[in-house]
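Trainee: Structure provided below as structure tokens; questions to follow.
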Amino acid sequence: MDNTILMMIIGMGIVTYIPRMIPLVALSSLKLPLFVQNVLKNVPYATLGALIVPGIFLISDDIVFGIIGALAATLIAFTGANVIVVVMGSIGTLVLYSMFF
């Protein structure tokens with residue numbers, strides 16, 4: 001591997017690590033209020049929703065296509081299935097929908 005590429009990889013690692021390390025070190029002794037802790041616990045779910053919802057409506061020109069895929073994934077997920085099963089079930093449902101409609 002070229003030395004330049006290796007140095008770029010190391011540099012990118014450092015640049016990624018520093019912004020994550022500084023708040024961890026600076027705020028490690030700070031006790032956050034319970035309200036702030038509860039808000040921060042919900043951030044991953046809100047982010048996931050913000051990423052998924054536009055994809056549901058923009059995946060195809062047919063809006064029903066995305067809605068059917070989302071409903072299939074939701075129903076399969078509520079059964080307690082593994083993530084792989086949820087994804088494959090949703091894809092299978094959309095394949096069947098594409099074949100018949």
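In the structure tokens, chains take the letters A, B, ... in the order shown, each chain's residues start at 1, and ligands count up from 1 in the order shown.
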Any chance you could list, as a VMD selection string, the residues in stretch 15-68 of chain A that come up alpha helix (DSSP H) when DSSP is run on the backbone?
Mentor: chain A and resid 15 to 26 34 to 58 63 to 68
Trainee: Identify which of the residues A:Leu94, A:Met8, A:Ala26, A:Ala46 lies closest to A:Gly66, counting only C-alpha atoms when measuring atom-to-atom distances.
Mentor: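 Distance minimum relative to A:Gly66 lands on A:Leu94.
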Trainee: Quick one: pull the distance between atom CA of A:Leu71 and atom CA of A:Gly55, Å, one decimal.
Mentor: 13.5 Å
Trainee: For atom CA of A:Val39 and atom CA of A:Leu27, quote the distance in Å rounded to one decimal.
Mentor: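 Between atom CA of A:Val39 and atom CA of A:Leu27 the gap is 16.6 Å.
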Trainee: A:Phe101: which residues within 12 Å, counting only C-alpha atoms, same-chain residues fewer than 6 positions away excluded, as a ChimeraX atom specification?
Mentor: /A:62,64-65,93-95
Trainee: Next, dump the selected residues to file, keeping only C-alpha atoms, as a PDB file, in the first residue's frame.
Mentor:
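The resulting file, result_6.pdb, is shown below:
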ATOM      1  CA  ASP A  62     -45.776   4.682  -7.146  1.00  0.00           C
ATOM      2  CA  VAL A  64     -48.185   2.765  -2.693  1.00  0.00           C
ATOM      3  CA  PHE A  65     -45.050   0.715  -3.406  1.00  0.00           C
ATOM      4  CA  THR A  93     -43.596  -8.560  -0.464  1.00  0.00           C
ATOM      5  CA  LEU A  94     -42.500  -5.840  -2.872  1.00  0.00           C
ATOM      6  CA  VAL A  95     -41.372  -8.403  -5.439  1.00  0.00           C
TER       7      VAL A  95
END
Trainee: For A:Leu96, which residue out of A:Ile68, A:Leu75, A:Leu51, A:Leu34 is the nearest one, using only C-alpha atoms?
Mentor: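 Distance minimum relative to A:Leu96 lands on A:Ile68.
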Trainee: Expressed in Å to a single decimal, how great is the separation between atom CA of A:Ile59 and atom CA of A:Phe100?
Mentor: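 Taking atom CA of A:Ile59 and atom CA of A:Phe100, their separation equals 18.3 Å.
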